$ cat model.cif   # mmCIF, C-alpha atoms
data_entry
loop_
_atom_site.label_atom_id
_atom_site.label_comp_id
_atom_site.auth_asym_id
_atom_site.auth_seq_id
_atom_site.Cartn_x
_atom_site.Cartn_y
_atom_site.Cartn_z
CA MET Z 29 21.31 117.05 118.51
CA PRO Z 30 22.56 120.14 116.62
CA TYR Z 31 26.22 120.36 115.61
CA ASP Z 32 27.84 123.72 114.94
CA PHE Z 33 29.83 123.23 111.74
CA ASP Z 34 29.76 126.99 111.14
CA ARG Z 35 31.98 127.64 114.14
CA VAL Z 36 35.47 128.73 113.13
CA ILE Z 37 38.00 127.03 115.41
CA PRO Z 38 41.52 128.47 115.10
CA ARG Z 39 43.98 125.71 114.22
CA ARG Z 40 47.11 127.76 113.62
CA GLY Z 41 49.54 127.20 116.47
CA SER Z 42 48.23 123.69 117.20
CA ASN Z 43 51.04 122.01 115.23
CA SER Z 44 48.56 121.42 112.42
CA TYR Z 45 50.31 120.20 109.28
CA LYS Z 46 47.61 121.90 107.24
CA TRP Z 47 47.66 125.28 109.02
CA ASP Z 48 51.18 125.55 110.41
CA SER Z 49 53.19 124.53 107.33
CA ALA Z 50 52.97 128.01 105.82
CA LEU Z 51 55.30 130.56 107.36
CA ASP Z 52 52.91 133.37 106.45
CA ASP Z 53 49.89 133.50 108.77
CA SER Z 54 47.80 135.11 106.02
CA VAL Z 55 47.87 131.91 103.94
CA LEU Z 56 44.52 130.14 103.81
CA PRO Z 57 45.08 126.36 103.48
CA MET Z 58 42.55 124.38 101.46
CA TRP Z 59 44.86 121.54 100.53
CA VAL Z 60 45.57 118.79 103.11
CA ALA Z 61 42.68 116.33 103.38
CA ASP Z 62 41.59 116.88 106.95
CA MET Z 63 38.60 118.86 108.18
CA ASP Z 64 38.39 122.12 110.09
CA PHE Z 65 35.52 120.81 112.24
CA ARG Z 66 35.70 119.34 115.70
CA THR Z 67 35.07 115.64 115.70
CA ALA Z 68 31.88 114.05 117.07
CA PRO Z 69 31.14 114.89 120.74
CA ALA Z 70 31.02 111.19 121.63
CA ILE Z 71 34.61 110.83 120.46
CA ILE Z 72 35.78 113.85 122.44
CA SER Z 73 34.06 112.48 125.55
CA ALA Z 74 35.72 109.09 125.12
CA LEU Z 75 39.12 110.71 124.73
CA GLU Z 76 38.59 112.98 127.74
CA LYS Z 77 37.71 109.96 129.84
CA ARG Z 78 40.83 108.16 128.68
CA VAL Z 79 43.05 111.21 129.35
CA SER Z 80 41.65 111.56 132.87
CA HIS Z 81 43.03 108.11 133.70
CA GLY Z 82 46.49 109.63 133.31
CA ILE Z 83 48.45 106.50 132.40
CA PHE Z 84 49.26 105.86 128.75
CA GLY Z 85 51.21 102.64 128.58
CA TYR Z 86 51.37 100.00 125.87
CA THR Z 87 47.90 99.23 124.59
CA LYS Z 88 46.09 95.94 124.14
CA VAL Z 89 43.44 96.25 121.47
CA PRO Z 90 40.20 94.90 122.99
CA ALA Z 91 37.44 92.83 121.45
CA ALA Z 92 35.22 95.93 121.54
CA TYR Z 93 37.45 97.48 118.87
CA PHE Z 94 36.88 94.66 116.39
CA ASP Z 95 33.18 94.50 117.27
CA ALA Z 96 32.84 98.21 116.52
CA VAL Z 97 34.49 97.85 113.10
CA THR Z 98 32.46 94.84 112.00
CA ARG Z 99 29.19 96.31 113.30
CA TRP Z 100 29.78 99.60 111.48
CA PHE Z 101 30.40 97.99 108.11
CA ALA Z 102 27.47 95.64 108.52
CA LEU Z 103 25.06 98.48 109.34
CA GLN Z 104 26.45 101.19 107.06
CA HIS Z 105 27.44 99.15 104.03
CA GLY Z 106 25.72 95.77 104.37
CA PHE Z 107 29.13 94.11 104.49
CA VAL Z 108 29.39 91.29 107.04
CA PHE Z 109 32.83 89.84 107.64
CA ASN Z 110 34.81 87.91 110.23
CA LYS Z 111 36.65 90.08 112.73
CA ASP Z 112 39.53 87.60 112.60
CA TRP Z 113 40.25 88.89 109.09
CA LEU Z 114 41.22 92.32 110.45
CA LEU Z 115 44.70 93.70 111.06
CA TYR Z 116 45.19 97.12 112.59
CA THR Z 117 47.92 99.64 111.86
CA THR Z 118 48.72 103.35 112.05
CA GLY Z 119 47.23 104.54 108.76
CA VAL Z 120 46.10 103.59 105.29
CA VAL Z 121 49.37 104.68 103.67
CA PRO Z 122 51.52 102.50 106.01
CA ALA Z 123 48.98 99.74 105.33
CA LEU Z 124 49.40 100.08 101.56
CA SER Z 125 53.18 100.06 101.86
CA ALA Z 126 53.14 96.96 104.05
CA ILE Z 127 50.75 95.18 101.70
CA ILE Z 128 52.82 95.97 98.62
CA GLN Z 129 55.96 94.81 100.40
CA ALA Z 130 54.24 91.58 101.44
CA LEU Z 131 52.80 90.69 98.05
CA THR Z 132 55.46 91.78 95.56
CA GLU Z 133 59.10 91.30 94.70
CA PHE Z 134 61.68 93.74 93.35
CA GLY Z 135 60.71 94.89 89.86
CA ASP Z 136 57.07 93.81 90.00
CA LYS Z 137 54.46 96.18 88.59
CA VAL Z 138 51.40 97.74 90.24
CA ILE Z 139 48.49 99.32 88.36
CA VAL Z 140 46.92 102.59 89.46
CA GLN Z 141 44.08 104.57 87.85
CA THR Z 142 45.35 108.10 87.36
CA PRO Z 143 44.77 110.81 88.40
CA VAL Z 144 44.90 109.21 91.83
CA TYR Z 145 46.00 109.85 95.43
CA ASN Z 146 49.67 110.79 95.23
CA CYS Z 147 50.84 108.51 98.06
CA PHE Z 148 50.00 105.51 95.87
CA PHE Z 149 53.05 106.38 93.77
CA SER Z 150 55.45 106.64 96.68
CA SER Z 151 54.15 103.48 98.34
CA ILE Z 152 54.78 101.54 95.14
CA ARG Z 153 58.20 103.02 94.39
CA ASN Z 154 59.40 102.70 97.98
CA GLN Z 155 58.91 98.96 97.66
CA ARG Z 156 61.04 98.98 94.49
CA CYS Z 157 58.10 98.25 92.24
CA GLU Z 158 57.04 99.97 89.03
CA VAL Z 159 53.97 102.16 88.73
CA VAL Z 160 51.74 101.28 85.77
CA ALA Z 161 49.26 104.06 85.02
CA SER Z 162 45.90 103.20 83.52
CA ASN Z 163 44.46 106.66 82.96
CA LEU Z 164 40.80 107.24 83.68
CA ILE Z 165 38.81 108.56 80.74
CA TYR Z 166 37.82 112.20 81.18
CA ARG Z 167 34.86 113.08 79.01
CA ASP Z 168 32.00 115.58 79.29
CA GLY Z 169 33.01 116.67 82.76
CA THR Z 170 33.19 113.26 84.39
CA TYR Z 171 35.44 110.23 84.65
CA ALA Z 172 35.06 106.62 83.54
CA ILE Z 173 37.31 103.57 83.68
CA ASP Z 174 39.28 102.65 80.57
CA PHE Z 175 38.68 98.92 80.72
CA THR Z 176 40.59 98.27 77.52
CA SER Z 177 43.68 99.86 79.03
CA LEU Z 178 43.14 98.04 82.32
CA GLU Z 179 42.82 94.66 80.59
CA GLN Z 180 45.97 95.24 78.55
CA LYS Z 181 48.03 96.27 81.54
CA ALA Z 182 46.70 93.49 83.79
CA ALA Z 183 47.77 90.94 81.17
CA ASP Z 184 51.44 91.79 81.77
CA PRO Z 185 52.84 88.90 83.86
CA LYS Z 186 54.95 91.39 85.85
CA VAL Z 187 51.79 93.09 87.13
CA LYS Z 188 50.97 91.64 90.54
CA LEU Z 189 48.66 94.21 92.14
CA PHE Z 190 45.99 96.73 91.23
CA LEU Z 191 45.46 99.64 93.64
CA LEU Z 192 41.79 100.62 93.52
CA CYS Z 193 40.68 103.90 95.09
CA ASN Z 194 36.96 103.64 95.95
CA PRO Z 195 35.55 106.25 96.37
CA HIS Z 196 38.13 107.82 94.13
CA ASN Z 197 40.42 110.62 95.28
CA PRO Z 198 40.74 113.16 93.67
CA VAL Z 199 38.00 112.84 91.02
CA GLY Z 200 35.16 112.17 93.49
CA ARG Z 201 33.68 109.12 91.74
CA VAL Z 202 31.87 106.30 93.54
CA TRP Z 203 32.38 103.24 91.37
CA SER Z 204 29.22 101.34 90.50
CA ARG Z 205 28.56 97.65 91.09
CA GLU Z 206 28.97 96.97 87.38
CA GLU Z 207 32.30 98.81 87.22
CA LEU Z 208 33.63 97.00 90.28
CA ILE Z 209 32.59 93.60 88.96
CA ARG Z 210 34.33 94.26 85.67
CA ILE Z 211 37.49 95.32 87.52
CA GLY Z 212 37.33 92.20 89.68
CA ASP Z 213 36.82 89.87 86.71
CA ILE Z 214 39.75 91.36 84.81
CA CYS Z 215 42.07 91.05 87.80
CA LEU Z 216 40.96 87.49 88.57
CA SER Z 217 41.50 86.38 84.99
CA HIS Z 218 45.09 87.66 85.03
CA GLY Z 219 46.06 86.67 88.58
CA VAL Z 220 46.25 90.27 89.81
CA THR Z 221 45.38 90.93 93.46
CA VAL Z 222 43.15 93.97 94.11
CA ILE Z 223 44.23 96.29 96.93
CA VAL Z 224 41.36 98.65 97.78
CA ASP Z 225 41.69 102.01 99.52
CA GLU Z 226 38.19 102.65 100.91
CA ILE Z 227 39.16 105.41 103.35
CA HIS Z 228 36.44 107.73 101.97
CA CYS Z 229 33.73 105.06 102.01
CA ASP Z 230 31.54 106.83 104.58
CA LEU Z 231 31.70 110.22 102.85
CA VAL Z 232 29.21 109.42 100.08
CA TYR Z 233 26.43 111.82 99.12
CA SER Z 234 22.74 111.14 98.69
CA GLY Z 235 21.93 109.40 95.44
CA HIS Z 236 25.10 107.31 95.52
CA ARG Z 237 26.10 104.22 97.44
CA HIS Z 238 29.47 102.87 98.40
CA ILE Z 239 29.84 99.19 97.56
CA PRO Z 240 32.77 97.46 99.29
CA PHE Z 241 34.67 95.65 96.58
CA ALA Z 242 35.23 92.57 98.73
CA SER Z 243 31.50 92.25 99.40
CA LEU Z 244 30.64 91.48 95.77
CA SER Z 245 31.65 87.80 95.68
CA GLU Z 246 33.63 85.16 97.51
CA ALA Z 247 36.16 85.17 94.67
CA PHE Z 248 36.69 88.93 94.99
CA LEU Z 249 36.90 88.64 98.78
CA GLN Z 250 39.69 86.07 98.52
CA ASN Z 251 41.53 88.01 95.78
CA SER Z 252 41.53 91.37 97.53
CA VAL Z 253 42.76 93.33 100.53
CA THR Z 254 40.76 96.32 101.78
CA CYS Z 255 42.10 99.29 103.75
CA THR Z 256 39.74 101.40 105.85
CA SER Z 257 39.93 104.00 108.59
CA PRO Z 258 37.65 106.34 110.53
CA SER Z 259 40.22 109.12 110.03
CA LYS Z 260 38.60 110.94 107.09
CA THR Z 261 35.05 110.27 108.25
CA PHE Z 262 35.50 111.63 111.77
CA ASN Z 263 38.56 113.90 111.34
CA LEU Z 264 40.89 111.65 113.32
CA ALA Z 265 43.93 111.50 111.04
CA GLY Z 266 46.34 112.63 113.75
CA LEU Z 267 45.34 109.74 116.00
CA GLN Z 268 46.83 107.28 113.50
CA VAL Z 269 44.56 104.29 113.08
CA ALA Z 270 43.52 102.10 110.14
CA ASN Z 271 42.39 98.56 109.47
CA ILE Z 272 43.29 96.00 106.85
CA LEU Z 273 40.70 93.41 105.84
CA ALA Z 274 42.24 90.26 104.35
CA ALA Z 275 40.04 87.17 104.25
CA ASN Z 276 42.66 85.05 102.50
CA ASP Z 277 44.70 83.39 105.25
CA GLU Z 278 47.94 83.22 103.26
CA ILE Z 279 47.73 86.86 102.21
CA ARG Z 280 46.83 88.01 105.72
CA GLN Z 281 49.78 86.17 107.25
CA LYS Z 282 52.17 87.79 104.78
CA ILE Z 283 50.78 91.25 105.54
CA ASP Z 284 50.91 90.63 109.29
CA LYS Z 285 54.59 89.75 108.96
CA SER Z 286 55.23 92.90 106.92
CA LEU Z 287 53.50 95.08 109.52
CA ASN Z 288 55.68 93.60 112.23
CA VAL Z 289 58.90 93.88 110.23
CA ASN Z 290 58.20 97.57 109.68
CA GLU Z 291 57.07 98.14 113.29
CA VAL Z 292 53.65 99.54 112.31
CA CYS Z 293 51.73 96.81 114.11
CA GLU Z 294 50.74 98.84 117.19
CA ILE Z 295 48.25 101.64 117.74
CA ASN Z 296 47.96 104.07 120.62
CA PRO Z 297 45.30 104.10 123.37
CA PHE Z 298 43.59 107.22 122.00
CA ALA Z 299 43.20 105.61 118.57
CA VAL Z 300 41.47 102.65 120.16
CA GLU Z 301 39.01 104.73 122.18
CA ALA Z 302 38.32 107.11 119.32
CA LEU Z 303 37.53 104.34 116.84
CA ILE Z 304 35.19 102.56 119.24
CA ALA Z 305 33.31 105.77 120.03
CA ALA Z 306 33.18 106.82 116.36
CA TYR Z 307 31.75 103.58 115.06
CA ASN Z 308 29.40 102.98 118.00
CA GLU Z 309 28.11 106.52 118.57
CA GLY Z 310 29.19 108.76 115.71
CA GLU Z 311 26.49 108.15 113.10
CA PRO Z 312 24.23 111.14 113.98
CA TRP Z 313 27.20 113.52 113.74
CA LEU Z 314 28.21 111.98 110.40
CA ARG Z 315 24.72 112.44 108.95
CA ALA Z 316 24.78 116.12 109.93
CA LEU Z 317 28.30 116.50 108.55
CA MET Z 318 27.32 115.10 105.15
CA CYS Z 319 24.47 117.58 104.87
CA TYR Z 320 26.82 120.45 105.67
CA LEU Z 321 29.47 119.25 103.21
CA HIS Z 322 26.86 118.89 100.49
CA ASP Z 323 25.69 122.44 101.12
CA ASN Z 324 29.31 123.63 100.92
CA TYR Z 325 29.67 121.89 97.57
CA GLU Z 326 26.44 123.44 96.28
CA TYR Z 327 27.62 126.87 97.44
CA LEU Z 328 30.94 126.38 95.61
CA CYS Z 329 29.16 125.29 92.42
CA ASP Z 330 26.86 128.32 92.53
CA PHE Z 331 29.82 130.62 93.14
CA PHE Z 332 31.73 129.25 90.18
CA MET Z 333 28.63 129.47 87.97
CA GLN Z 334 28.15 133.14 88.85
CA HIS Z 335 31.73 134.38 89.05
CA LEU Z 336 33.98 131.83 87.34
CA PRO Z 337 31.84 130.12 84.68
CA GLN Z 338 34.86 129.39 82.48
CA PHE Z 339 36.00 126.74 84.98
CA ARG Z 340 34.27 123.38 85.21
CA VAL Z 341 33.54 121.99 88.68
CA LEU Z 342 33.27 118.22 88.48
CA PRO Z 343 30.38 116.30 90.07
CA LEU Z 344 31.15 115.27 93.63
CA GLN Z 345 29.74 111.85 94.48
CA ALA Z 346 31.94 111.36 97.55
CA THR Z 347 34.75 112.94 99.62
CA TYR Z 348 35.11 116.62 100.51
CA LEU Z 349 37.73 117.23 97.83
CA VAL Z 350 36.50 119.19 94.81
CA TRP Z 351 38.21 118.66 91.45
CA VAL Z 352 38.17 121.74 89.21
CA ASP Z 353 39.08 121.80 85.51
CA CYS Z 354 41.29 124.83 84.82
CA SER Z 355 42.29 123.86 81.28
CA VAL Z 356 40.89 127.14 79.97
CA LEU Z 357 43.94 128.89 81.46
CA LYS Z 358 46.33 126.81 79.35
CA GLN Z 359 48.85 126.76 82.18
CA SER Z 360 50.37 123.95 84.18
CA ALA Z 361 48.62 122.95 87.38
CA SER Z 362 51.71 123.85 89.40
CA ASN Z 363 51.73 127.35 87.90
CA ILE Z 364 48.05 127.82 88.73
CA ALA Z 365 48.53 126.68 92.33
CA ALA Z 366 51.62 128.88 92.65
CA MET Z 367 49.70 131.86 91.30
CA LEU Z 368 46.90 131.35 93.82
CA LEU Z 369 49.43 131.14 96.63
CA LYS Z 370 51.45 134.16 95.51
CA ARG Z 371 48.61 136.50 94.56
CA GLU Z 372 45.95 135.57 97.09
CA LYS Z 373 47.70 133.47 99.75
CA LEU Z 374 45.43 130.52 98.97
CA TRP Z 375 46.97 127.06 99.18
CA VAL Z 376 45.33 124.36 97.06
CA ASN Z 377 46.66 121.14 95.52
CA GLU Z 378 47.85 121.15 91.93
CA GLY Z 379 46.34 118.30 89.93
CA SER Z 380 49.71 117.13 88.62
CA LEU Z 381 50.43 115.70 92.09
CA TYR Z 382 48.02 112.91 91.16
CA GLY Z 383 49.67 111.97 87.89
CA ALA Z 384 50.22 113.56 84.50
CA SER Z 385 46.52 113.23 83.66
CA GLY Z 386 45.72 115.68 86.46
CA GLU Z 387 47.72 118.46 84.84
CA ASP Z 388 44.76 120.76 84.04
CA PHE Z 389 43.16 120.56 87.48
CA ILE Z 390 43.28 121.83 91.04
CA ARG Z 391 41.89 120.12 94.15
CA ILE Z 392 40.05 122.17 96.78
CA ASN Z 393 39.24 120.95 100.30
CA ILE Z 394 35.74 122.17 101.27
CA ALA Z 395 35.59 120.54 104.73
CA CYS Z 396 35.55 123.86 106.54
CA PRO Z 397 33.07 126.36 108.01
CA ARG Z 398 31.14 128.28 105.35
CA GLU Z 399 32.93 131.50 106.31
CA ILE Z 400 36.30 129.98 105.42
CA LEU Z 401 34.93 128.48 102.21
CA ILE Z 402 33.60 131.87 101.09
CA GLU Z 403 36.92 133.55 101.80
CA GLY Z 404 38.73 130.88 99.78
CA LEU Z 405 36.36 131.27 96.83
CA ILE Z 406 36.77 135.05 96.83
CA ARG Z 407 40.53 134.58 96.70
CA ILE Z 408 40.15 132.22 93.72
CA GLN Z 409 37.97 134.79 91.97
CA ASN Z 410 40.48 137.55 92.65
CA ALA Z 411 43.34 135.49 91.22
CA LEU Z 412 41.65 133.74 88.30
CA GLY Z 413 38.54 135.77 87.50
#
$ encode --input "model.cif" --output "structure tokens"
Amino acid sequence: MPYDFDRVIPRRGSNSYKWDSALDDSVLPMWVADMDFRTAPAIISALEKRVSHGIFGYTKVPAAYFDAVTRWFALQHGFVFNKDWLLYTTGVVPALSAIIQALTEFGDKVIVQTPVYNCFFSSIRNQRCEVVASNLIYRDGTYAIDFTSLEQKAADPKVKLFLLCNPHNPVGRVWSREELIRIGDICLSHGVTVIVDEIHCDLVYSGHRHIPFASLSEAFLQNSVTCTSPSKTFNLAGLQVANILAANDEIRQKIDKSLNVNEVCEINPFAVEALIAAYNEGEPWLRALMCYLHDNYEYLCDFFMQHLPQFRVLPLQATYLVWVDCSVLKQSASNIAAMLLKREKLWVNEGSLYGASGEDFIRINIACPREILIEGLIRIQNALG
């Protein structure tokens, strides 16, 4: 079945956070991590059917929901787990906040690998914990884990958790089996629990494979908590749904209590129907999407090579978020982003949002029709070329 990812669907005026945050209608947003494509037809059909019922009361999450989640991860990632280990909530960020609250005390420390998703910082600080940055090593246009730094920081008895982003946002890395095992061994040896954000796990390009951290060993399964969601994969962020996988009974009970205390233990009827349809019927759409996203990335790389060769575009192993090295400009990331917005009405993310080590970078969302991508690239060329 063909899917028309080239179709430009106006989003301005739909209360889109991405498109309606700018007061100037000429601003082109390539920042917020949602897509400008309609979701899979099977999901739309499921939602239309639910809307036609016309009653939207409190929702009981059915067994079909849990079956859909477990089946998807078994088929897509070879990860078989007990559905009783799952907790549902409204999003990965609320999940992370609830987990940190459940597993730490005031003044505890949490390791993150910077540059990393900016909400990690707020989730940690909001729970009155301290962020401990273990910077990734940037060398020859790619990123690697600084295991010496990680080992040193994990040895601090105040460090209780390690937030692992896999695949990594914003640098686009898919961590290898060997890297994940080394992370897991370090954390086990120092009594540090691994909290894994795997929200981009289905957005992995050919030649790479997502390996769920918890699938690597029984010890890692018991010493970790994994957060997932169909929101990035199927463009469902506004429906507010995510799942927490915690095999350890004691840890799961603590998290369940935290979810209830913070009143993020319920999801809406549309989230339920959308997830079931996505995981049961959405795979063909996802395969087509990944081809289109890859072609968008290749187009961007070719454009930069021809028109902006002084900027380095980093390899994209996963996600639809391109990380671009702008160090040649010798300006702060915030100044570069501000210049793009002022001169060309193009809104991108400055790399400094993701920690000090992101200072020389910008992040560009390429999950859009080719026509929009081309317009965005021309604006970058006009401002920076």
$ resolve_selection --input "model.cif" --expression "the PyMOL selection byres ((chain Z and resi 348-365) around 9)" --output "PyMOL selection string"
chain Z and resi 59+61+63+169+197-200+231+321-322+325+338-344+346-347+366-370+374-381+386-395+412
$ closest_residue --input "model.cif" --among "Z:Ile71, Z:Cys255, Z:Leu287, Z:Ile272" --to "Gln129 of chain Z" --atoms "only C-alpha atoms"
Z:Leu287
$ closest_residue --input "model.cif" --among "Z:Thr142, Z:Asn296, Z:Thr67, Z:Asn194" --to "Glu309 of chain Z" --atoms "all atoms listed in the file"
Z:Thr67
$ closest_residue --input "model.cif" --among "Z:Glu294, Z:Glu278, Z:Asp53, Z:Asp62" --to "Phe262 of chain Z" --atoms "only C-alpha atoms"
Z:Asp62
$ closest_atom_pairs --input "model.cif" --of "segment 254-370 of chain Z" --to "segment 103-124 of chain Z" --cutoff "6 Å" --atoms "only C-alpha atoms" --output "Markdown table"
| residue | atom | partner | partner_atom | distance |
| --- | --- | --- | --- | --- |
| Z:Gln268 | CA | Z:Thr118 | CA | 4.6 |
| Z:Val269 | CA | Z:Thr118 | CA | 4.4 |
| Z:Ala270 | CA | Z:Gly119 | CA | 4.6 |
| Z:Asn271 | CA | Z:Tyr116 | CA | 4.4 |
| Z:Ile272 | CA | Z:Leu115 | CA | 5.0 |
| Z:Leu273 | CA | Z:Leu114 | CA | 4.8 |
| Z:Ala274 | CA | Z:Trp113 | CA | 5.3 |
| Z:Ala275 | CA | Z:Trp113 | CA | 5.1 |
| Z:Val292 | CA | Z:Thr117 | CA | 5.7 |
| Z:Cys293 | CA | Z:Thr117 | CA | 5.3 |
| Z:Ile295 | CA | Z:Thr118 | CA | 6.0 |
$ resolve_selection --input "model.cif" --expression "the PyMOL selection byres ((chain Z and resi 97) around 9)" --output "VMD selection string"
chain Z and resid 92 to 96 98 to 102 111 271 303 to 304 307 to 308
$ resolve_selection --input "model.cif" --expression "the PyMOL selection byres ((chain Z and resi 282) around 10)" --output "PyMOL selection string"
chain Z and resi 126-127+129-131+277-281+283-287
$ write_last_selection --input "model.cif" --atoms "C-alpha atoms" --output "short mmCIF file (atom, residue, chain, number, x, y, z; two decimals), keeping the file's coordinate frame"
data_model
loop_
_atom_site.label_atom_id
_atom_site.label_comp_id
_atom_site.auth_asym_id
_atom_site.auth_seq_id
_atom_site.Cartn_x
_atom_site.Cartn_y
_atom_site.Cartn_z
CA ALA Z 126 53.14 96.96 104.05
CA ILE Z 127 50.75 95.18 101.70
CA GLN Z 129 55.96 94.81 100.40
CA ALA Z 130 54.24 91.58 101.44
CA LEU Z 131 52.80 90.69 98.05
CA ASP Z 277 44.70 83.39 105.25
CA GLU Z 278 47.94 83.22 103.26
CA ILE Z 279 47.73 86.86 102.21
CA ARG Z 280 46.83 88.01 105.72
CA GLN Z 281 49.78 86.17 107.25
CA ILE Z 283 50.78 91.25 105.54
CA ASP Z 284 50.91 90.63 109.29
CA LYS Z 285 54.59 89.75 108.96
CA SER Z 286 55.23 92.90 106.92
CA LEU Z 287 53.50 95.08 109.52
#
$ atom_distance --input "model.cif" --atom1 "atom CA of Asn154 of chain Z" --atom2 "atom CA of Gly266 of chain Z"
22.8 Å
$ residues_around --input "model.cif" --residues "Glu133 of chain Z" --least-positions-apart "2" --cutoff "12 Å" --atoms "only C-alpha atoms" --output "PyMOL selection string"
chain Z and resi 127-131+135-138+152-158+186-189
$ residues_near_point --input "model.cif" --point "(32.3, 110.5, 88.6)" --cutoff "6 Å" --atoms "only C-alpha atoms" --output "PDB file with C-alpha atoms, in the frame of the given file"
ATOM      1  CA  THR Z 170      33.190 113.260  84.390  1.00  0.00           C
ATOM      2  CA  TYR Z 171      35.440 110.230  84.650  1.00  0.00           C
ATOM      3  CA  GLY Z 200      35.160 112.170  93.490  1.00  0.00           C
ATOM      4  CA  ARG Z 201      33.680 109.120  91.740  1.00  0.00           C
TER       5      ARG Z 201
END
$ closest_residue --input "model.cif" --among "Z:Ile408, Z:Ile37, Z:Ala50, Z:Ile72" --to "Phe332 of chain Z" --atoms "all atoms listed in the file"
Z:Ile408
$ closest_residue --input "model.cif" --among "Z:Pro57, Z:Pro90, Z:Gly310, Z:Pro30" --to "Ser73 of chain Z" --atoms "all atoms listed in the file"
Z:Gly310
$ atom_distance --input "model.cif" --atom1 "atom CA of Ser204 of chain Z" --atom2 "atom CA of Ser217 of chain Z"
20.1 Å
$ atom_distance --input "model.cif" --atom1 "atom CA of Pro240 of chain Z" --atom2 "atom CA of Ser125 of chain Z"
20.7 Å
$ residues_around --input "model.cif" --residues "Glu207 of chain Z" --least-positions-apart "2" --cutoff "12 Å" --atoms "only C-alpha atoms" --output "list in words"
Ala172, Ile173, Asp174, Phe175, Leu178, Leu192, Asn194, Arg201, Val202, Trp203, Ser204, Arg205, Ile209, Arg210, Ile211, Gly212, Asp213, Ile214, Ile239, Phe241 and Leu244 of chain Z
$ write_last_selection --input "model.cif" --atoms "C-alpha atoms" --output "PDB file, in the frame of the given file"
ATOM      1  CA  ALA Z 172      35.060 106.620  83.540  1.00  0.00           C
ATOM      2  CA  ILE Z 173      37.310 103.570  83.680  1.00  0.00           C
ATOM      3  CA  ASP Z 174      39.280 102.650  80.570  1.00  0.00           C
ATOM      4  CA  PHE Z 175      38.680  98.920  80.720  1.00  0.00           C
ATOM      5  CA  LEU Z 178      43.140  98.040  82.320  1.00  0.00           C
ATOM      6  CA  LEU Z 192      41.790 100.620  93.520  1.00  0.00           C
ATOM      7  CA  ASN Z 194      36.960 103.640  95.950  1.00  0.00           C
ATOM      8  CA  ARG Z 201      33.680 109.120  91.740  1.00  0.00           C
ATOM      9  CA  VAL Z 202      31.870 106.300  93.540  1.00  0.00           C
ATOM     10  CA  TRP Z 203      32.380 103.240  91.370  1.00  0.00           C
ATOM     11  CA  SER Z 204      29.220 101.340  90.500  1.00  0.00           C
ATOM     12  CA  ARG Z 205      28.560  97.650  91.090  1.00  0.00           C
ATOM     13  CA  ILE Z 209      32.590  93.600  88.960  1.00  0.00           C
ATOM     14  CA  ARG Z 210      34.330  94.260  85.670  1.00  0.00           C
ATOM     15  CA  ILE Z 211      37.490  95.320  87.520  1.00  0.00           C
ATOM     16  CA  GLY Z 212      37.330  92.200  89.680  1.00  0.00           C
ATOM     17  CA  ASP Z 213      36.820  89.870  86.710  1.00  0.00           C
ATOM     18  CA  ILE Z 214      39.750  91.360  84.810  1.00  0.00           C
ATOM     19  CA  ILE Z 239      29.840  99.190  97.560  1.00  0.00           C
ATOM     20  CA  PHE Z 241      34.670  95.650  96.580  1.00  0.00           C
ATOM     21  CA  LEU Z 244      30.640  91.480  95.770  1.00  0.00           C
TER      22      LEU Z 244
END
$ closest_residue --input "model.cif" --among "Z:Asn43, Z:Ser80, Z:Thr261, Z:Ser151" --to "Arg315 of chain Z" --atoms "all atoms listed in the file"
Z:Thr261
$ residues_around --input "model.cif" --residues "Val36 of chain Z" --least-positions-apart "5" --cutoff "10 Å" --atoms "only C-alpha atoms" --output "list in words"
Asp64, Phe65, Arg66, Cys396, Pro397, Arg398, Glu399 and Ile400 of chain Z
